[in-house]
Amino acid sequence: MIELKTPAEIERMHVTGRFVAEVLSEVGRLADVGVNLLDLEHHVRGMIKRRGAESCYWDYAPSFGHGPFRNVICLSVNDAVLHGLPHDYTLRDGDVLSADLAVSIDGWVADSARTVVVGTAAEEDLRIIRATEEALEAAIEMARPGNRLGDISAAIWAVARDYGYPVNTEFGGHGIGRTMHEDLHVPNKGRAGRGLKLLPGLTLALEPWFARTTDRIVYDADGWTIRSADGSRTAHSEHTVAITEDAPMVLTRREAETLATQAP
């Protein structure tokens, strides 16, 4: 069932989105050589607790996972790209870190992800991050009344094609609002002019993610962390977006957001 949100409900999601943006900005600031992923996890736990928010990942137990997820943020390094289980790993110079966060405040959810390079950045890593960011902006531009879901998917795919990156369609964007995952799967590859017609009040989490040289994925033994099947490096960008009568409203935009940002 697809639930269209009222302007007042979208504003409540925006409150959550601003907090998600704040946390991801903080993660990017803290991600540095010598920092342990578990330290980032516990820092985010503290921020969520102080805000009175609720993690959407804690106790998350979908069919593809091994038991409930007992962390509040997904942290994926290098060839890992989705659902990275925070563990005892110390960030190294040149690591690529993807952070994905979804929380609820007063019953309304927002979801966002970003990828940064820790320390010295290789151009090929900045390139794939930039590709996901540009694909996300292209997808957002298509999130307008009268367009169709396929227009969003096609926009993401076009950017990936231009950069020469393959696209996996098993995991992609989704509806969002009262829960982290609502109806509508938004593939990162599709045909323009196809699919559901977009209406004002529809809220979506759009999330292009690419691996350099494969569209296949494998799972770690933890049952959660998803990696590129060939070990090539990855990137992931995501925003929660509301379709309005006018321009798309990005509910998780970070202050001074720039393309292909690098961690300090």
# chains A, B, ... in the order shown; residues from 1 in each chain; ligands from 1
>>> select_by_dssp(residues="region 23-166 of chain A", states="strand (DSSP E or B)", output="PyMOL selection string")
chain A and resi 36+54-55+60+69+74-77+80-82+90+96-105+108-117+148
>>> residues_around(residues="Thr240 (chain A)", least_positions_apart="4", cutoff="10 Å", atoms="only C-alpha atoms", output="ChimeraX atom specification")
/A:13-14,17,20,102,109-113,140,173-177,203-207,249-253
>>> residues_around(residues="Gly84 (chain A)", least_positions_apart="2", cutoff="9 Å", atoms="only C-alpha atoms", output="ChimeraX atom specification")
/A:73-77,80-82,86-87,98-100,224-227
>>> write_last_selection(atoms="all heavy atoms", output="compact mmCIF listing (two decimals), in the first residue's frame")
# COMPACT_ATOMS: atom_id res chain seq x y z
N ILE A 73 24.00 1.96 12.83
CA ILE A 73 24.45 2.52 11.56
C ILE A 73 25.15 1.43 10.77
O ILE A 73 25.75 0.52 11.34
CB ILE A 73 25.40 3.73 11.79
CG1 ILE A 73 25.70 4.45 10.47
CG2 ILE A 73 26.68 3.32 12.53
CD1 ILE A 73 26.39 5.79 10.64
N CYS A 74 25.02 1.49 9.46
CA CYS A 74 25.76 0.58 8.58
C CYS A 74 27.06 1.26 8.17
O CYS A 74 27.03 2.40 7.67
CB CYS A 74 24.94 0.25 7.34
SG CYS A 74 23.40 -0.65 7.68
N LEU A 75 28.17 0.58 8.39
CA LEU A 75 29.49 1.10 8.04
C LEU A 75 30.18 0.08 7.14
O LEU A 75 30.49 -1.03 7.58
CB LEU A 75 30.32 1.37 9.30
CG LEU A 75 29.75 2.43 10.24
CD1 LEU A 75 30.54 2.48 11.54
CD2 LEU A 75 29.74 3.82 9.58
N SER A 76 30.38 0.44 5.89
CA SER A 76 30.91 -0.49 4.88
C SER A 76 32.22 0.06 4.34
O SER A 76 32.29 1.24 3.96
CB SER A 76 29.90 -0.66 3.75
OG SER A 76 28.62 -1.02 4.25
N VAL A 77 33.25 -0.78 4.27
CA VAL A 77 34.59 -0.33 3.91
C VAL A 77 35.06 -0.99 2.61
O VAL A 77 34.98 -2.20 2.44
CB VAL A 77 35.60 -0.63 5.04
CG1 VAL A 77 37.00 -0.15 4.66
CG2 VAL A 77 35.15 0.03 6.34
N ALA A 80 33.04 -3.45 0.45
CA ALA A 80 31.71 -3.55 1.09
C ALA A 80 30.92 -2.30 0.74
O ALA A 80 31.46 -1.21 0.70
CB ALA A 80 31.85 -3.70 2.59
N VAL A 81 29.61 -2.48 0.50
CA VAL A 81 28.84 -1.33 0.04
C VAL A 81 27.51 -1.16 0.76
O VAL A 81 27.03 -0.05 0.93
CB VAL A 81 28.61 -1.41 -1.49
CG1 VAL A 81 27.75 -2.61 -1.86
CG2 VAL A 81 28.00 -0.12 -2.04
N LEU A 82 26.90 -2.26 1.22
CA LEU A 82 25.60 -2.17 1.87
C LEU A 82 25.56 -3.01 3.13
O LEU A 82 26.21 -4.06 3.22
CB LEU A 82 24.49 -2.68 0.92
CG LEU A 82 24.24 -1.92 -0.37
CD1 LEU A 82 23.24 -2.68 -1.23
CD2 LEU A 82 23.74 -0.51 -0.11
N PRO A 86 29.09 -2.89 11.72
CA PRO A 86 30.23 -2.32 12.43
C PRO A 86 30.96 -3.40 13.24
O PRO A 86 30.33 -4.21 13.93
CB PRO A 86 29.59 -1.28 13.35
CG PRO A 86 28.34 -0.88 12.63
CD PRO A 86 27.85 -2.16 12.00
N HIS A 87 32.28 -3.43 13.12
CA HIS A 87 33.08 -4.44 13.80
C HIS A 87 34.44 -3.85 14.15
O HIS A 87 34.71 -2.68 13.86
CB HIS A 87 33.23 -5.68 12.91
CG HIS A 87 33.92 -5.40 11.59
ND1 HIS A 87 33.29 -4.73 10.56
CD2 HIS A 87 35.17 -5.67 11.16
CE1 HIS A 87 34.11 -4.63 9.54
NE2 HIS A 87 35.26 -5.18 9.87
N SER A 98 31.55 3.86 3.48
CA SER A 98 30.16 4.21 3.24
C SER A 98 29.39 4.10 4.55
O SER A 98 29.47 3.08 5.23
CB SER A 98 29.53 3.28 2.19
OG SER A 98 30.14 3.45 0.93
N ALA A 99 28.66 5.15 4.89
CA ALA A 99 27.86 5.19 6.12
C ALA A 99 26.40 5.38 5.74
O ALA A 99 26.06 6.30 4.97
CB ALA A 99 28.33 6.32 7.02
N ASP A 100 25.53 4.53 6.26
CA ASP A 100 24.10 4.54 5.92
C ASP A 100 23.31 4.57 7.23
O ASP A 100 23.53 3.73 8.11
CB ASP A 100 23.79 3.27 5.12
CG ASP A 100 22.38 3.27 4.53
OD1 ASP A 100 21.59 4.19 4.85
OD2 ASP A 100 22.07 2.36 3.77
N TRP A 224 25.22 -10.11 6.86
CA TRP A 224 24.72 -8.76 6.60
C TRP A 224 25.54 -8.03 5.54
O TRP A 224 25.00 -7.55 4.55
CB TRP A 224 24.73 -7.93 7.90
CG TRP A 224 23.61 -8.28 8.81
CD1 TRP A 224 23.67 -9.05 9.94
CD2 TRP A 224 22.24 -7.91 8.67
NE1 TRP A 224 22.44 -9.17 10.51
CE2 TRP A 224 21.54 -8.48 9.77
CE3 TRP A 224 21.54 -7.15 7.76
CZ2 TRP A 224 20.17 -8.31 9.94
CZ3 TRP A 224 20.18 -6.97 7.92
CH2 TRP A 224 19.50 -7.55 9.00
N THR A 225 26.84 -7.92 5.79
CA THR A 225 27.69 -7.08 4.95
C THR A 225 27.70 -7.58 3.50
O THR A 225 28.01 -8.74 3.24
CB THR A 225 29.12 -7.06 5.50
OG1 THR A 225 29.09 -6.64 6.87
CG2 THR A 225 30.00 -6.11 4.70
N ILE A 226 27.35 -6.68 2.58
CA ILE A 226 27.30 -7.00 1.16
C ILE A 226 28.50 -6.37 0.46
O ILE A 226 28.77 -5.18 0.62
CB ILE A 226 25.99 -6.49 0.53
CG1 ILE A 226 24.80 -7.24 1.14
CG2 ILE A 226 26.02 -6.65 -0.99
CD1 ILE A 226 23.46 -6.74 0.65
N ARG A 227 29.22 -7.20 -0.31
CA ARG A 227 30.42 -6.76 -1.01
C ARG A 227 30.29 -6.99 -2.51
O ARG A 227 29.47 -7.80 -2.96
CB ARG A 227 31.65 -7.54 -0.51
CG ARG A 227 31.95 -7.34 0.96
CD ARG A 227 33.20 -8.11 1.39
NE ARG A 227 33.41 -7.96 2.81
CZ ARG A 227 34.07 -6.94 3.38
NH1 ARG A 227 34.61 -6.02 2.60
NH2 ARG A 227 34.20 -6.86 4.68
>>> atom_distance(atom1="CA of Val167 (chain A)", atom2="CA of Phe69 (chain A)")
26.0 Å
>>> residues_around(residues="His66 (chain A)", least_positions_apart="6", cutoff="10 Å", atoms="only C-alpha atoms", output="list in words")
Ala221, Asp222, Gly223 and Trp224 of chain A
>>> residues_around(residues="Ala121 (chain A)", least_positions_apart="4", cutoff="9 Å", atoms="only C-alpha atoms", output="list of chain:residue names")
A:Asp93, A:Gly94, A:Asp95, A:Val96, A:Val117, A:Asp125, A:Leu126, A:Gln262
>>> closest_residue(among="A:Leu37, A:Ala21, A:Ile48, A:Ala211", to="Glu124 (chain A)", atoms="only C-alpha atoms")
A:Ala211
